[in-house]
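Asker: Input: one structure, supplied below.
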Amino acid sequence: MIEESIKKSLETALNTLEVSNQVIELTKPQKKENGDFATNIALKLAKTLQDNPLNIANKIKENFKCDLVTTIEVAPPGFINFFVKKDYLLDNINTIIKEGTKYGSNTSGKGLNYNIEFVSANPTGILHLGNARGGAYGDSLARILRFSGYDVTEEYYVNDAGVQITNLGLSIQARYLTLLGIPTEIPENGYHGPEITEIAKDLYQEHKDTLKDQTLDYYKELGTNILLAKIKKVLQDYRINFDVYSSEKEIVSKSNLPKMIKTMQDNGYAYESDGATWLKSSVLGDDKDHVLIKNDGSYTYLVPDIAYHIDKIKRGYTNLIDVLGTDHHGYVARLKGSLKALGYNPDILDVKLLQLVRLVKDGIEIKMSKRTGNSVSLQELIDEVGINAARYFFSMRSLDTQMDFDLELAKKTSNENPVYYVSYAYARTCTILNSYKNIKNINKYLYINDILSYNVLEKLYEFPSVVKNAAEKKLPHLITNYVYDLASSFHLLYSKKRFITDNEDETMENLNFLSAIKITIKNALDLIGVIPPEKM
RNA sequence: GUUCACAUAGCUCAAUUGGAUAGAGCACUUCCCUCCGAAGGAAGAGGUUGCAAGUUCGAUUCUUGUUGUGAACACCA
């Protein structure tokens with residue numbers, strides 16, 4: 001790695017200034033005239049050395065020796081810019097081809113062990129747009145972390161116990177009985193979605209009136225199973241495959257909840273008052289205390305949720321990530337507080353909050369689905385714009401923007417639509433490559449030496465560090481931005497350069513170059529769950 | 001009222017987490033197909049980064065205040 005060489009040489013130069021153990025930042029300047037790489041180390045040292053940054057930079061320059069660097073410049077206010085030989089960019093073509101689907105992967109996360117919990121929608125209905133965004137984020141993050149060497153489990157927490165499931169059972173039962181001519185009301189907090197009616201209809205079709213006297217538990221379990229199966233199916237279509245589905249019911253039955261609460265009391269973070277047991281969350285970073293055991297003896301939702309997080313820790317995960325809607329933000333302090341109350345470090349839990357999504361068509365927000373009258377579902381979105389566009393669009397924005405999902409844009413087949421733009425770049429590489437059967441390996445690249453090619457090569461070279469950065473910052477949209485830039489630099493090159501020439505050797509070099517571009521685009525898109533077509 | 005987010009070009013969003021002249025796409029004004037896919041490319045114009053202080057060599061980024069927007073504030077989950 002060329003960066004390593006420069007950094008090492010810098011360290012040597014710094015030793016002569018009698019400073020050591022400095023963290024050296026080597027960045028790629030935005031402007032070409034500021035070199036291929038640059039460091040701000042002189043600016044950082046100004047204070048400790050009590051000297052003018054420019055003086056320091058010049059001293060470093062004098063003592064700097066590295067064969068790969070052709071020119072070294074000092075620029076005000078104290079940057080040191082390095083211009084290097086371009087060989088490393090050309091050599092990288094063969095590295096990319098050799099590594100193939102692994103190009104861009106790195107080992108920065110080795111030994112780190114993450115559990116990412118996301119979507120986790122109650123099995124009382126179908127997935128909506130918020131789940132779609134959270135799902136895209138969670139899954140892309142998992143892919144990026146894995147590509148960076150982390151050990152990752154993708155997990156879905158199924159709330160298959162509690163009041164909401166009872167209401168689901170009652171709702172299905174009511175719809176079914178009504179079909180039998182026994183008018184039955186859906187409970188106050190019941191579910192009215194068309195999918196509930198559908199389940200009842202199917203029951204009637206298959207069993208006629210023979211289920212009339214079934215218990216509520218029957219409907220609860222039946223509804224949970226059917227809806228969970230539907231959710232799993234959509235998620236699979238959406239290219240999310242969870243490693244683990246955790247059941248609330250199971251967690252509750254295998255956890256010792258009274259003991260857990262006792263521990264909190266022993267630690268001084270829980271107390272009894274008004275016949276209820278409270279979590280002293282006000283001293284744990286929350287704005288007020290919250291009830292754990294109601295005065296009728298039953299648990300609030302918080303207790304199984306805490307038990308679930310403890311369960312994850314006990315399963316050996318050292319880092320927990322929860323992806324939640326911003327409407328759950330109040331929950332974060334309670335959950336972290338309860339981890340502390342049980343003697344765990346709350347920092348092992350990192351909660352990612354995602355802002356709401358607005359669906360927009362022709363500049364106007366769509367609030368309701370025309371078909372169902374309810375909020376638009378993930379399935380409908382996929383049907384409308386396709387899986388690639390859905391995954392790409394959600395991965396385009398950082399989580400903290402209240403994003404607009406532009407339906408018309410996602411469907412457009414022009415450069416206005418980033419999914420098409422990137423896919424088109426990929427298809428262009430395929431078209432040329434597919435017309436050649438035998439592409440020879442190149443040892444030394446001799447013909448590629450124009451600025452536009454170097455721009456593309458630099459983007460290709462950047463990819464592994466982009467992946468690493470996206471993993472560390474947990475920001476999948478950095479990948480999306482990257483692949484767009486790469487596509488853009490390639491489109492520009494494509495419009496100026498002919499890849500197939502009269503010179504056989506030159507053509508072979510270009511074809512290897514194209515392979516490298518193709519591989520990199522594909523690998524990047526894979527990280528956000530997009531599969532580009534070879535032909536469009 | 002309290003808490004948590006967010007505020008960047010007319011619109012939708014970036015900005016290597018404190019770096020050099022804040023960047024893309026759309027829309028607007030021009031231009032480029034005899035040629036591997038024009039589903040593409042080039043040029044122009046567009047900004048007091050909501051506002052005001054502070055921290056320092058340097059702030060869109062960090063602190064505080066302020067305005068606006070969204071969300072949450074049950075012995076519901």
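All residue names refer to the structure tokens as shown: chains lettered A, B, ... in order, residues numbered from 1 in each chain, ligands numbered from 1 in order.
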Excluding stretch 290-303 of chain A and residues on its chain fewer than 6 positions from it, collect all residues at most 10 Å away from it, counting only C-alpha atoms (C1' of nucleotides), and give them as a PyMOL selection string.
Answerer: (chain A and resi 159+161-163+252+257-258+260-261+270-282+331+334-335+338) or (chain B and resi 74-77)
Asker: For A:Ile172, list every protein, DNA or RNA residue within 9 Å, evaluated using only C-alpha atoms (C1' of nucleotides), and leave out those in the same chain fewer than 3 positions away; present the list as a list in words.
Answerer: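 The contact residues come out as Asn167, Leu168, Gly169, Arg175, Tyr176, Leu177, Ile186, Tyr191, Ile196, Thr197, Ile199, Ala200, Tyr219, Lys220 and Gly223 of chain A.
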Asker: Generate a file of the selected residues that holds N, CA and C atoms, formatted as an mmCIF file, in the first residue's frame.
Answerer:
data_model
loop_
_atom_site.group_PDB
_atom_site.id
_atom_site.type_symbol
_atom_site.label_atom_id
_atom_site.label_comp_id
_atom_site.auth_asym_id
_atom_site.auth_seq_id
_atom_site.Cartn_x
_atom_site.Cartn_y
_atom_site.Cartn_z
ATOM 1 N N ASN A 167 -54.961 -8.866 20.669
ATOM 2 C CA ASN A 167 -55.829 -8.074 19.801
ATOM 3 C C ASN A 167 -55.858 -8.610 18.384
ATOM 4 N N LEU A 168 -54.719 -9.122 17.947
ATOM 5 C CA LEU A 168 -54.675 -9.732 16.617
ATOM 6 C C LEU A 168 -55.603 -10.947 16.567
ATOM 7 N N GLY A 169 -55.486 -11.806 17.587
ATOM 8 C CA GLY A 169 -56.339 -12.992 17.653
ATOM 9 C C GLY A 169 -57.809 -12.612 17.654
ATOM 10 N N ARG A 175 -63.473 -11.158 12.488
ATOM 11 C CA ARG A 175 -63.714 -11.161 11.049
ATOM 12 C C ARG A 175 -64.279 -12.517 10.592
ATOM 13 N N TYR A 176 -63.732 -13.567 11.158
ATOM 14 C CA TYR A 176 -64.159 -14.909 10.779
ATOM 15 C C TYR A 176 -65.603 -15.156 11.201
ATOM 16 N N LEU A 177 -65.904 -14.837 12.443
ATOM 17 C CA LEU A 177 -67.263 -15.061 12.939
ATOM 18 C C LEU A 177 -68.267 -14.221 12.157
ATOM 19 N N ILE A 186 -64.627 -5.819 16.267
ATOM 20 C CA ILE A 186 -63.174 -5.850 16.458
ATOM 21 C C ILE A 186 -62.861 -4.993 17.683
ATOM 22 N N TYR A 191 -56.997 -4.816 14.895
ATOM 23 C CA TYR A 191 -56.372 -4.530 13.609
ATOM 24 C C TYR A 191 -57.405 -4.616 12.483
ATOM 25 N N ILE A 196 -55.967 -8.773 7.440
ATOM 26 C CA ILE A 196 -56.688 -9.503 8.487
ATOM 27 C C ILE A 196 -57.958 -10.125 7.891
ATOM 28 N N THR A 197 -58.660 -9.302 7.129
ATOM 29 C CA THR A 197 -59.867 -9.785 6.469
ATOM 30 C C THR A 197 -59.551 -10.963 5.546
ATOM 31 N N ILE A 199 -57.108 -13.134 5.844
ATOM 32 C CA ILE A 199 -56.858 -14.354 6.628
ATOM 33 C C ILE A 199 -58.193 -15.008 6.997
ATOM 34 N N ALA A 200 -59.139 -14.181 7.426
ATOM 35 C CA ALA A 200 -60.453 -14.706 7.812
ATOM 36 C C ALA A 200 -61.149 -15.362 6.615
ATOM 37 N N TYR A 219 -56.474 -18.565 17.317
ATOM 38 C CA TYR A 219 -56.417 -17.448 16.371
ATOM 39 C C TYR A 219 -55.152 -16.633 16.538
ATOM 40 N N LYS A 220 -54.706 -16.544 17.786
ATOM 41 C CA LYS A 220 -53.478 -15.788 18.049
ATOM 42 C C LYS A 220 -52.299 -16.435 17.323
ATOM 43 N N GLY A 223 -52.718 -16.369 13.426
ATOM 44 C CA GLY A 223 -52.464 -15.040 12.859
ATOM 45 C C GLY A 223 -50.979 -14.710 12.869
#
Asker: If we count only C-alpha atoms (C1' of nucleotides), what is near stretch 22-24 of chain B at a cut-off of 12 Å, once residues fewer than 2 positions away on the same chain are taken out, given as a PDB file with C-alpha atoms (C1' of nucleotides), in the first residue's frame?
Answerer:
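The result, written out as selection-v2.pdb:
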ATOM      1  CA  GLN A  30     -10.097  17.482  -3.439  1.00  0.00           C
ATOM      2  CA  LYS A  31      -8.016  19.440  -5.894  1.00  0.00           C
ATOM      3  CA  GLU A 416     -31.900  11.716 -13.483  1.00  0.00           C
ATOM      4  CA  PRO A 418     -29.221   7.366  -9.994  1.00  0.00           C
ATOM      5  CA  ASN A 481     -22.309   8.008  -3.036  1.00  0.00           C
ATOM      6  CA  TYR A 482     -19.099   6.272  -3.957  1.00  0.00           C
ATOM      7  CA  TYR A 484     -22.362   6.972  -8.131  1.00  0.00           C
ATOM      8  CA  ASP A 485     -19.082   8.887  -8.388  1.00  0.00           C
ATOM      9  CA  SER A 488     -19.890   9.180 -13.249  1.00  0.00           C
TER      10      SER A 488
ATOM     11  C1'   U B   8     -26.480  23.585   3.232  1.00  0.00           C
ATOM     12  C1'   A B   9     -28.031  26.436  -4.327  1.00  0.00           C
ATOM     13  C1'   U B  12     -33.737  16.590  -3.626  1.00  0.00           C
ATOM     14  C1'   C B  13     -29.241  15.756  -1.177  1.00  0.00           C
ATOM     15  C1'   A B  14     -23.320  15.363  -0.451  1.00  0.00           C
ATOM     16  C1'   A B  15     -19.069  17.206   1.949  1.00  0.00           C
ATOM     17  C1'   G B  19      -8.863  21.138   6.591  1.00  0.00           C
ATOM     18  C1'   A B  20      -7.132  24.138   1.205  1.00  0.00           C
ATOM     19  C1'   C B  26     -32.970  18.031 -11.202  1.00  0.00           C
ATOM     20  C1'   G B  47     -24.367  30.036  -1.664  1.00  0.00           C
ATOM     21  C1'   U B  49     -24.092  26.591   5.242  1.00  0.00           C
ATOM     22  C1'   A B  59     -15.849  25.693  11.762  1.00  0.00           C
ATOM     23  C1'   U B  60     -21.074  23.208   7.330  1.00  0.00           C
ATOM     24  C1'   U B  61     -18.705  20.027  11.227  1.00  0.00           C
TER      25        U B  61
END
Asker: Considering only C-alpha atoms (C1' of nucleotides), extract the chain B residues located within 7 Å of chain A and return them as a list in words.
Answerer: U3, C4, C6, G25, C26, C36, G37, A39, G40, G41, A71, A72, C75 and A77 of chain B
Asker: Identify all residues of stretch 59-215 of chain A in helix (DSSP H, G or I) (DSSP on the backbone) and supply them as a PyMOL selection string.
Answerer: chain A and resi 59-63+87-102+129-147+163-179+194-207
Asker: Using DSSP assignments from the backbone, pull out every residue in stretch 114-331 of chain A that falls under strand (DSSP E) and give it to me as an NGL selection string.
Answerer: :A and (114-117 or 151-158 or 244-247 or 270-273 or 276-279 or 290-293 or 319-325)
Asker: Rounded to one decimal place, report the atom CA of A:Leu457-atom CA of A:Leu90 distance in Å.
Answerer: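 Separation between atom CA of A:Leu457 and atom CA of A:Leu90: 7.3 Å.
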